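Student: Provided below: my_file_29.cif, containing mmCIF, C-alpha atoms and all ligand atoms.
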data_final
loop_
_atom_site.group_PDB
_atom_site.id
_atom_site.type_symbol
_atom_site.label_atom_id
_atom_site.label_comp_id
_atom_site.auth_asym_id
_atom_site.auth_seq_id
_atom_site.Cartn_x
_atom_site.Cartn_y
_atom_site.Cartn_z
ATOM 1 C CA MET Q 25 33.045 3.640 -67.362
ATOM 2 C CA LYS Q 26 29.504 2.961 -66.183
ATOM 3 C CA LYS Q 27 28.831 -0.500 -64.829
ATOM 4 C CA PRO Q 28 26.199 -2.577 -66.648
ATOM 5 C CA ARG Q 29 23.165 -3.259 -64.466
ATOM 6 C CA VAL Q 30 22.033 -6.820 -63.859
ATOM 7 C CA CYS Q 31 18.519 -7.796 -62.797
ATOM 8 C CA VAL Q 32 18.874 -10.986 -60.735
ATOM 9 C CA LEU Q 33 15.323 -12.313 -60.815
ATOM 10 C CA ARG Q 34 14.019 -14.008 -57.694
ATOM 11 C CA THR Q 35 10.901 -15.730 -56.611
ATOM 12 C CA ASP Q 36 9.847 -18.409 -54.112
ATOM 13 C CA GLY Q 37 12.190 -21.405 -54.234
ATOM 14 C CA ILE Q 38 15.097 -19.773 -56.079
ATOM 15 C CA ASN Q 39 18.277 -20.557 -54.141
ATOM 16 C CA CYS Q 40 21.258 -19.601 -56.324
ATOM 17 C CA ASP Q 41 20.448 -15.882 -56.443
ATOM 18 C CA GLU Q 42 23.182 -14.754 -54.007
ATOM 19 C CA GLU Q 43 25.836 -16.590 -56.031
ATOM 20 C CA MET Q 44 24.570 -15.089 -59.302
ATOM 21 C CA PHE Q 45 24.561 -11.627 -57.716
ATOM 22 C CA TYR Q 46 28.138 -12.089 -56.512
ATOM 23 C CA ALA Q 47 29.398 -13.523 -59.826
ATOM 24 C CA PHE Q 48 28.170 -10.511 -61.810
ATOM 25 C CA GLU Q 49 29.544 -8.054 -59.230
ATOM 26 C CA LYS Q 50 32.897 -9.807 -59.326
ATOM 27 C CA ALA Q 51 32.845 -9.581 -63.138
ATOM 28 C CA GLY Q 52 32.410 -5.796 -62.925
ATOM 29 C CA ALA Q 53 28.636 -5.291 -63.104
ATOM 30 C CA GLU Q 54 26.166 -3.770 -60.663
ATOM 31 C CA SER Q 55 23.779 -6.528 -59.548
ATOM 32 C CA GLN Q 56 20.343 -5.983 -58.111
ATOM 33 C CA MET Q 57 18.002 -8.536 -56.577
ATOM 34 C CA VAL Q 58 14.559 -8.142 -58.083
ATOM 35 C CA HIS Q 59 11.510 -10.141 -57.046
ATOM 36 C CA VAL Q 60 9.227 -11.093 -59.931
ATOM 37 C CA ASN Q 61 6.368 -9.303 -58.144
ATOM 38 C CA GLN Q 62 8.317 -6.027 -58.403
ATOM 39 C CA LEU Q 63 8.350 -6.405 -62.188
ATOM 40 C CA ARG Q 64 4.691 -7.429 -62.278
ATOM 41 C CA SER Q 65 3.628 -4.404 -60.216
ATOM 42 C CA LYS Q 66 5.886 -2.138 -62.340
ATOM 43 C CA GLU Q 67 7.689 -0.983 -59.188
ATOM 44 C CA VAL Q 68 10.843 -2.030 -61.079
ATOM 45 C CA GLN Q 69 11.309 -1.643 -64.860
ATOM 46 C CA LEU Q 70 13.153 -4.358 -66.743
ATOM 47 C CA ALA Q 71 14.207 -1.701 -69.265
ATOM 48 C CA ASP Q 72 16.501 -0.157 -66.606
ATOM 49 C CA TYR Q 73 18.860 -3.144 -66.854
ATOM 50 C CA GLN Q 74 21.263 -4.419 -69.496
ATOM 51 C CA ILE Q 75 21.312 -8.055 -68.332
ATOM 52 C CA LEU Q 76 18.492 -10.265 -67.051
ATOM 53 C CA ALA Q 77 19.805 -13.173 -64.978
ATOM 54 C CA LEU Q 78 17.598 -16.120 -64.039
ATOM 55 C CA PRO Q 79 19.282 -18.064 -61.219
ATOM 56 C CA GLY Q 80 19.070 -21.726 -60.289
ATOM 57 C CA GLY Q 81 16.929 -23.286 -57.645
ATOM 58 C CA PHE Q 82 13.482 -24.745 -57.295
ATOM 59 C CA SER Q 83 11.122 -21.952 -58.332
ATOM 60 C CA TYR Q 84 7.701 -22.650 -56.832
ATOM 61 C CA GLY Q 85 9.034 -25.959 -55.559
ATOM 62 C CA ASP Q 86 9.461 -27.413 -59.081
ATOM 63 C CA ASP Q 87 5.703 -27.887 -58.919
ATOM 64 C CA VAL Q 88 4.125 -29.224 -62.133
ATOM 65 C CA HIS Q 89 7.555 -29.303 -63.802
ATOM 66 C CA SER Q 90 10.815 -27.503 -62.973
ATOM 67 C CA GLY Q 91 10.634 -23.842 -64.002
ATOM 68 C CA LYS Q 92 7.128 -24.216 -65.414
ATOM 69 C CA ILE Q 93 5.203 -21.878 -63.125
ATOM 70 C CA LEU Q 94 7.727 -19.052 -63.338
ATOM 71 C CA ALA Q 95 7.761 -19.474 -67.130
ATOM 72 C CA VAL Q 96 3.972 -19.187 -67.277
ATOM 73 C CA GLU Q 97 4.124 -16.156 -64.998
ATOM 74 C CA LEU Q 98 6.677 -14.458 -67.254
ATOM 75 C CA THR Q 99 4.843 -15.149 -70.515
ATOM 76 C CA SER Q 100 1.480 -14.180 -68.970
ATOM 77 C CA PHE Q 101 2.494 -10.902 -67.347
ATOM 78 C CA LEU Q 102 5.815 -9.763 -68.818
ATOM 79 C CA LYS Q 103 5.822 -10.995 -72.399
ATOM 80 C CA GLU Q 104 6.118 -7.558 -74.046
ATOM 81 C CA GLN Q 105 8.812 -6.333 -71.643
ATOM 82 C CA LEU Q 106 10.848 -9.470 -72.284
ATOM 83 C CA SER Q 107 10.535 -9.120 -76.070
ATOM 84 C CA GLU Q 108 11.509 -5.448 -75.920
ATOM 85 C CA PHE Q 109 14.455 -6.318 -73.691
ATOM 86 C CA VAL Q 110 15.827 -8.848 -76.166
ATOM 87 C CA ASP Q 111 14.972 -6.805 -79.259
ATOM 88 C CA SER Q 112 16.924 -3.860 -77.885
ATOM 89 C CA GLY Q 113 20.130 -5.915 -77.952
ATOM 90 C CA LYS Q 114 20.343 -6.823 -74.261
ATOM 91 C CA LEU Q 115 21.446 -10.081 -72.625
ATOM 92 C CA MET Q 116 19.622 -12.888 -70.829
ATOM 93 C CA LEU Q 117 21.281 -15.676 -68.882
ATOM 94 C CA GLY Q 118 19.467 -18.663 -67.399
ATOM 95 C CA ILE Q 119 21.374 -21.064 -65.190
ATOM 96 C CA CYS Q 120 19.906 -24.450 -64.306
ATOM 97 C CA ASN Q 121 16.364 -23.616 -63.128
ATOM 98 C CA GLY Q 122 16.823 -20.389 -65.105
ATOM 99 C CA PHE Q 123 17.588 -22.432 -68.230
ATOM 100 C CA GLN Q 124 14.484 -24.519 -67.580
ATOM 101 C CA VAL Q 125 12.471 -21.293 -67.342
ATOM 102 C CA LEU Q 126 13.900 -19.890 -70.595
ATOM 103 C CA VAL Q 127 13.062 -23.118 -72.444
ATOM 104 C CA ARG Q 128 9.540 -23.261 -71.005
ATOM 105 C CA THR Q 129 8.836 -19.636 -71.980
ATOM 106 C CA GLY Q 130 9.985 -20.361 -75.540
ATOM 107 C CA LEU Q 131 12.704 -17.656 -75.324
ATOM 108 C CA LEU Q 132 15.079 -20.546 -75.988
ATOM 109 C CA PRO Q 133 15.852 -22.049 -78.445
ATOM 110 C CA ASP Q 134 14.922 -18.968 -80.442
ATOM 111 C CA ARG Q 135 12.795 -16.151 -78.987
ATOM 112 C CA ASN Q 136 9.433 -17.719 -79.640
ATOM 113 C CA GLN Q 137 7.526 -16.854 -76.451
ATOM 114 C CA GLY Q 138 4.604 -19.110 -75.710
ATOM 115 C CA ASN Q 139 5.806 -21.758 -78.146
ATOM 116 C CA ILE Q 140 7.721 -24.499 -76.354
ATOM 117 C CA GLU Q 141 10.067 -26.286 -78.737
ATOM 118 C CA ALA Q 142 12.294 -28.210 -76.335
ATOM 119 C CA THR Q 143 12.386 -29.449 -72.779
ATOM 120 C CA LEU Q 144 14.685 -30.327 -69.913
ATOM 121 C CA THR Q 145 13.458 -33.563 -68.482
ATOM 122 C CA VAL Q 146 14.328 -36.080 -65.757
ATOM 123 C CA ASN Q 147 17.970 -37.236 -65.735
ATOM 124 C CA ASP Q 148 18.494 -40.720 -67.176
ATOM 125 C CA SER Q 149 19.955 -41.722 -63.792
ATOM 126 C CA GLY Q 150 16.549 -41.047 -62.248
ATOM 127 C CA HIS Q 151 18.004 -38.944 -59.472
ATOM 128 C CA PHE Q 152 19.461 -35.551 -58.604
ATOM 129 C CA GLU Q 153 23.085 -35.147 -59.790
ATOM 130 C CA CYS Q 154 25.288 -32.805 -57.767
ATOM 131 C CA ARG Q 155 29.014 -32.880 -58.564
ATOM 132 C CA TRP Q 156 31.847 -31.515 -60.707
ATOM 133 C CA ILE Q 157 31.839 -32.361 -64.400
ATOM 134 C CA ARG Q 158 33.625 -31.170 -67.543
ATOM 135 C CA LEU Q 159 32.263 -29.209 -70.495
ATOM 136 C CA LEU Q 160 33.523 -28.613 -74.003
ATOM 137 C CA VAL Q 161 32.883 -25.043 -75.163
ATOM 138 C CA GLU Q 162 31.637 -25.233 -78.739
ATOM 139 C CA PRO Q 163 32.148 -22.589 -81.429
ATOM 140 C CA SER Q 164 28.805 -20.713 -81.490
ATOM 141 C CA HIS Q 165 27.190 -17.276 -81.787
ATOM 142 C CA CYS Q 166 27.119 -16.982 -78.014
ATOM 143 C CA VAL Q 167 28.463 -13.699 -76.628
ATOM 144 C CA PHE Q 168 28.950 -15.281 -73.176
ATOM 145 C CA THR Q 169 31.684 -17.657 -74.392
ATOM 146 C CA ARG Q 170 33.665 -15.424 -76.743
ATOM 147 C CA GLY Q 171 37.306 -16.437 -76.788
ATOM 148 C CA MET Q 172 36.583 -19.671 -74.903
ATOM 149 C CA GLU Q 173 35.642 -21.799 -77.919
ATOM 150 C CA GLY Q 174 37.384 -25.174 -78.029
ATOM 151 C CA SER Q 175 38.343 -25.079 -74.358
ATOM 152 C CA LEU Q 176 37.362 -27.524 -71.624
ATOM 153 C CA ILE Q 177 35.936 -26.125 -68.433
ATOM 154 C CA ASP Q 178 35.364 -27.597 -64.988
ATOM 155 C CA ILE Q 179 31.982 -26.813 -63.509
ATOM 156 C CA GLN Q 180 29.356 -28.157 -61.097
ATOM 157 C CA VAL Q 181 25.978 -29.627 -61.943
ATOM 158 C CA ALA Q 182 23.093 -29.780 -59.457
ATOM 159 C CA HIS Q 183 19.852 -30.864 -61.055
ATOM 160 C CA GLY Q 184 17.207 -33.530 -61.308
ATOM 161 C CA GLU Q 185 15.703 -32.438 -64.624
ATOM 162 C CA GLY Q 186 18.629 -31.630 -66.897
ATOM 163 C CA LYS Q 187 18.203 -33.860 -69.909
ATOM 164 C CA PHE Q 188 17.857 -31.627 -72.984
ATOM 165 C CA TYR Q 189 15.296 -33.159 -75.267
ATOM 166 C CA SER Q 190 13.401 -32.055 -78.371
ATOM 167 C CA ASP Q 191 12.173 -33.025 -81.785
ATOM 168 C CA PRO Q 192 15.015 -33.994 -84.204
ATOM 169 C CA SER Q 193 14.113 -31.051 -86.472
ATOM 170 C CA VAL Q 194 14.681 -28.610 -83.571
ATOM 171 C CA ILE Q 195 17.974 -30.283 -82.677
ATOM 172 C CA GLU Q 196 19.062 -29.970 -86.293
ATOM 173 C CA LYS Q 197 18.177 -26.277 -86.347
ATOM 174 C CA ILE Q 198 20.139 -25.650 -83.156
ATOM 175 C CA GLU Q 199 23.126 -27.641 -84.404
ATOM 176 C CA HIS Q 200 23.252 -25.974 -87.821
ATOM 177 C CA GLY Q 201 22.508 -22.538 -86.440
ATOM 178 C CA GLY Q 202 25.595 -22.491 -84.204
ATOM 179 C CA GLN Q 203 23.409 -22.460 -81.083
ATOM 180 C CA VAL Q 204 25.009 -25.303 -79.118
ATOM 181 C CA VAL Q 205 27.266 -23.583 -76.596
ATOM 182 C CA PHE Q 206 28.339 -26.414 -74.250
ATOM 183 C CA ARG Q 207 28.469 -30.216 -74.400
ATOM 184 C CA TYR Q 208 29.259 -32.679 -71.620
ATOM 185 C CA ALA Q 209 32.788 -34.044 -72.177
ATOM 186 C CA GLY Q 210 34.635 -37.156 -71.026
ATOM 187 C CA ALA Q 211 38.151 -37.468 -69.635
ATOM 188 C CA ASP Q 212 39.491 -37.438 -73.228
ATOM 189 C CA GLY Q 213 37.879 -34.019 -73.791
ATOM 190 C CA LYS Q 214 35.392 -35.344 -76.330
ATOM 191 C CA PRO Q 215 31.596 -34.979 -76.034
ATOM 192 C CA THR Q 216 30.110 -38.070 -74.456
ATOM 193 C CA ALA Q 217 26.788 -39.763 -73.818
ATOM 194 C CA LEU Q 218 28.356 -41.950 -71.128
ATOM 195 C CA TYR Q 219 27.398 -41.624 -67.486
ATOM 196 C CA PRO Q 220 28.768 -40.209 -65.198
ATOM 197 C CA ALA Q 221 30.666 -37.717 -67.447
ATOM 198 C CA ASN Q 222 27.316 -36.956 -69.029
ATOM 199 C CA PRO Q 223 25.119 -36.511 -65.937
ATOM 200 C CA ASN Q 224 21.693 -36.640 -67.571
ATOM 201 C CA GLY Q 225 21.665 -38.238 -71.042
ATOM 202 C CA SER Q 226 20.959 -35.001 -72.956
ATOM 203 C CA LEU Q 227 20.410 -35.356 -76.699
ATOM 204 C CA ASN Q 228 23.634 -34.571 -78.591
ATOM 205 C CA PHE Q 229 25.327 -34.220 -75.157
ATOM 206 C CA ILE Q 230 23.894 -30.674 -74.949
ATOM 207 C CA ALA Q 231 24.580 -28.800 -71.683
ATOM 208 C CA GLY Q 232 23.822 -25.264 -72.870
ATOM 209 C CA ILE Q 233 22.406 -23.401 -75.861
ATOM 210 C CA CYS Q 234 21.929 -19.843 -77.081
ATOM 211 C CA ASP Q 235 19.361 -18.230 -79.352
ATOM 212 C CA SER Q 236 20.300 -17.246 -82.918
ATOM 213 C CA THR Q 237 21.439 -13.764 -81.798
ATOM 214 C CA GLY Q 238 23.813 -15.297 -79.226
ATOM 215 C CA ARG Q 239 22.458 -12.931 -76.551
ATOM 216 C CA ILE Q 240 20.154 -15.353 -74.724
ATOM 217 C CA MET Q 241 22.019 -18.231 -73.152
ATOM 218 C CA GLY Q 242 20.851 -21.088 -70.957
ATOM 219 C CA MET Q 243 22.929 -23.815 -69.375
ATOM 220 C CA MET Q 244 22.328 -26.580 -66.829
ATOM 221 C CA PRO Q 245 25.728 -26.444 -65.037
ATOM 222 C CA HIS Q 246 26.501 -23.635 -62.574
ATOM 223 C CA PRO Q 247 29.269 -21.172 -63.616
ATOM 224 C CA GLU Q 248 28.367 -18.955 -60.627
ATOM 225 C CA ARG Q 249 29.769 -21.694 -58.367
ATOM 226 C CA TYR Q 250 33.244 -21.290 -59.834
ATOM 227 C CA VAL Q 251 34.132 -17.616 -59.761
ATOM 228 C CA GLU Q 252 36.812 -17.940 -57.070
ATOM 229 C CA LYS Q 253 39.848 -20.127 -57.621
ATOM 230 C CA THR Q 254 39.464 -21.714 -54.194
ATOM 231 C CA GLN Q 255 36.023 -23.084 -55.137
ATOM 232 C CA HIS Q 256 37.762 -25.678 -57.331
ATOM 233 C CA PRO Q 257 38.670 -28.918 -55.506
ATOM 234 C CA ASN Q 258 42.205 -28.885 -56.996
ATOM 235 C CA TRP Q 259 42.900 -25.187 -56.563
ATOM 236 C CA ARG Q 260 46.195 -25.746 -54.740
ATOM 237 C CA ARG Q 261 47.693 -27.405 -57.814
ATOM 238 C CA MET Q 262 46.601 -24.689 -60.233
ATOM 239 C CA PRO Q 263 48.818 -21.922 -61.638
ATOM 240 C CA GLU Q 264 48.693 -18.655 -59.710
ATOM 241 C CA ASP Q 265 47.042 -16.752 -62.582
ATOM 242 C CA THR Q 266 44.206 -19.256 -63.214
ATOM 243 C CA VAL Q 267 40.952 -17.490 -64.160
ATOM 244 C CA PRO Q 268 38.091 -19.484 -62.611
ATOM 245 C CA HIS Q 269 36.234 -20.974 -65.587
ATOM 246 C CA GLY Q 270 32.834 -19.718 -64.475
ATOM 247 C CA LEU Q 271 34.054 -16.148 -64.018
ATOM 248 C CA ALA Q 272 35.164 -16.003 -67.667
ATOM 249 C CA ILE Q 273 31.508 -16.386 -68.732
ATOM 250 C CA PHE Q 274 30.308 -13.502 -66.536
ATOM 251 C CA LYS Q 275 33.203 -11.285 -67.653
ATOM 252 C CA ASN Q 276 32.255 -11.836 -71.298
ATOM 253 C CA ALA Q 277 28.675 -10.813 -70.556
ATOM 254 C CA VAL Q 278 29.728 -7.692 -68.655
ATOM 255 C CA GLU Q 279 32.220 -6.726 -71.365
ATOM 256 C CA TYR Q 280 29.513 -7.035 -74.020
ATOM 257 C CA ALA Q 281 26.986 -5.089 -71.955
ATOM 258 C CA ARG Q 282 29.480 -2.242 -71.418
ATOM 259 C CA GLN Q 283 29.407 -1.488 -75.156
ATOM 260 C CA MET Q 284 25.613 -0.895 -75.121
HETATM 261 N N1 LIG V 301 19.998 -26.132 -59.188
HETATM 262 C C1 LIG V 301 18.902 -26.007 -59.888
HETATM 263 O O1 LIG V 301 18.629 -24.969 -60.469
HETATM 264 C C2 LIG V 301 17.945 -27.174 -59.893
HETATM 265 C C3 LIG V 301 16.980 -27.112 -61.039
HETATM 266 C C4 LIG V 301 15.740 -27.979 -60.861
HETATM 267 N N2 LIG V 301 15.074 -27.692 -59.635
HETATM 268 C C5 LIG V 301 16.115 -29.435 -61.019
HETATM 269 O O2 LIG V 301 16.336 -30.126 -60.066
HETATM 270 O O3 LIG V 301 16.203 -29.891 -62.131
#
Take the structure in this file and express it as structure tokens.
Tutor:
Amino acid sequence: MKKPRVCVLRTDGINCDEEMFYAFEKAGAESQMVHVNQLRSKEVQLADYQILALPGGFSYGDDVHSGKILAVELTSFLKEQLSEFVDSGKLMLGICNGFQVLVRTGLLPDRNQGNIEATLTVNDSGHFECRWIRLLVEPSHCVFTRGMEGSLIDIQVAHGEGKFYSDPSVIEKIEHGGQVVFRYAGADGKPTALYPANPNGSLNFIAGICDSTGRIMGMMPHPERYVEKTQHPNWRRMPEDTVPHGLAIFKNAVEYARQM
């Protein structure tokens, strides 16, 4: 069966692109590094891919606001291509800086390019948080977490601006629309506002959301950093057949994209 093709989008300051590339390859896809200028010049066509992956990092040095400049670039020069991509049933994944970009384009929470309805702002702690945390996978429309609902996953965060924040009416829409995909969880497995289990103070403990189709997903934590068992600090104590929690997310995406 043909491998789904993944466009791993790069630009100045992105630094999690190699990991994203590897995670999708490991999950059975064919990854390709694409610089945003290659899409702008039409040297590369977005339509040739089934998945668009926006990696983490510090695009354009987090200047103005994390993810802001890349978001403006995308909505200014690639708006139609992005809409066509989503409307044709394809997948988009934004991790950390990629999530910030998706929110600042308006593609999240619900495919409204140019209309920013939410933000990811400075962590309540006031500093960069880089460590392992735990997430609860919520029941949602998200195709990336099929079969994982209700489970707890171990994952790393690495961000300074990860606090999900928006108007209460937007939060309500996301909550009632089954668009909350991940929440920060405490040692008891329940969603929590308490630091350090919740690293940023996100409203409703939100760590990741999807659009109403479930095909655009953004999350602050980094699943691409846990696609090998040995990346987990306690890997020696884990059962032989443990599937790294991050890999499960990429496998779901690849499985879905195979059916296209
Ligand atoms: N790892 C990342 O993608 C970091 C995102 C962003 N630069 C922040 O600090 O919030």
Student: Edge lengths and centre in Å to one decimal, as AutoDock Vina command-line options, of the axis-aligned box that encloses all listed atoms of ligand LIG 301 (chain V) with 4 Å added on every side?
Tutor:
--center_x 17.5 --center_y -27.5 --center_z -60.7 --size_x 12.9 --size_y 13.2 --size_z 10.9
Student: Care to translate the PyMOL selection byres (((not hetatm)) within 6 of (chain V and resi 301)) into actual residues of this file, as a VMD selection string?
Tutor: chain Q and resid 80 to 82 86 90 120 to 121 182 to 186
Student: Please report, as a tab-separated table, each residue of range 142-165 of chain Q lying at most 12 Å from range 257-270 of chain Q, together with the nearest pair of atoms and the separation in Å rounded to one decimal; use all atoms listed in the file, and order rows by chain and ascending residue number.
Tutor:
residue	atom	partner	partner_atom	distance
Q:Arg155	CA	Q:Pro257	CA	10.9
Q:Trp156	CA	Q:Pro257	CA	9.0
Q:Ile157	CA	Q:Pro257	CA	11.7
Q:Arg158	CA	Q:His269	CA	10.7
Q:Leu159	CA	Q:His269	CA	10.4
Q:Leu160	CA	Q:His269	CA	11.7
Q:Val161	CA	Q:His269	CA	10.9
Student: For Leu176 in chain Q, which of Q:Lys27, Q:Lys197, Q:Lys214, Q:His256 is the closest residue, counting all atoms listed in the file?
Tutor: Q:Lys214
Student: To one decimal place in Å, what is the distance between CA of Glu196 in chain Q and CA of Val181 in chain Q?
Tutor: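 Taking CA of Glu196 in chain Q and CA of Val181 in chain Q, their separation equals 25.3 Å.
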Student: Translate the PyMOL selection byres (((chain Q and resi 109) around 10) and not hetatm) into a concrete residue list for this structure, as an mmCIF file with C-alpha atoms, in the frame of the given file.
Tutor:
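What ended up in result_5.cif:
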data_model
loop_
_atom_site.group_PDB
_atom_site.id
_atom_site.type_symbol
_atom_site.label_atom_id
_atom_site.label_comp_id
_atom_site.auth_asym_id
_atom_site.auth_seq_id
_atom_site.Cartn_x
_atom_site.Cartn_y
_atom_site.Cartn_z
ATOM 1 C CA LEU Q 70 13.153 -4.358 -66.743
ATOM 2 C CA ALA Q 71 14.207 -1.701 -69.265
ATOM 3 C CA ASP Q 72 16.501 -0.157 -66.606
ATOM 4 C CA TYR Q 73 18.860 -3.144 -66.854
ATOM 5 C CA GLN Q 74 21.263 -4.419 -69.496
ATOM 6 C CA ILE Q 75 21.312 -8.055 -68.332
ATOM 7 C CA LEU Q 76 18.492 -10.265 -67.051
ATOM 8 C CA LYS Q 103 5.822 -10.995 -72.399
ATOM 9 C CA GLU Q 104 6.118 -7.558 -74.046
ATOM 10 C CA GLN Q 105 8.812 -6.333 -71.643
ATOM 11 C CA LEU Q 106 10.848 -9.470 -72.284
ATOM 12 C CA SER Q 107 10.535 -9.120 -76.070
ATOM 13 C CA GLU Q 108 11.509 -5.448 -75.920
ATOM 14 C CA VAL Q 110 15.827 -8.848 -76.166
ATOM 15 C CA ASP Q 111 14.972 -6.805 -79.259
ATOM 16 C CA SER Q 112 16.924 -3.860 -77.885
ATOM 17 C CA GLY Q 113 20.130 -5.915 -77.952
ATOM 18 C CA LYS Q 114 20.343 -6.823 -74.261
ATOM 19 C CA LEU Q 115 21.446 -10.081 -72.625
ATOM 20 C CA MET Q 116 19.622 -12.888 -70.829
#
Student: Residues picked by the PyMOL selection byres (((chain Q and resi 241) around 12) and not hetatm) here, as an MDAnalysis selection string?
Tutor: chainID Q and resid 75:78 110 114:120 122:127 131:135 164:169 203:206 231:240 242:244 273:274 277
Student: Quick one, how far is CA of Pro163 in chain Q from CA of Glu252 in chain Q?
Tutor: 25.2 Å
Student: Could you tell me how far CA of Asn61 in chain Q lies from CA of Arg34 in chain Q, in Å and to one decimal?
Tutor: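 Interatomic distance here is 9.0 Å.
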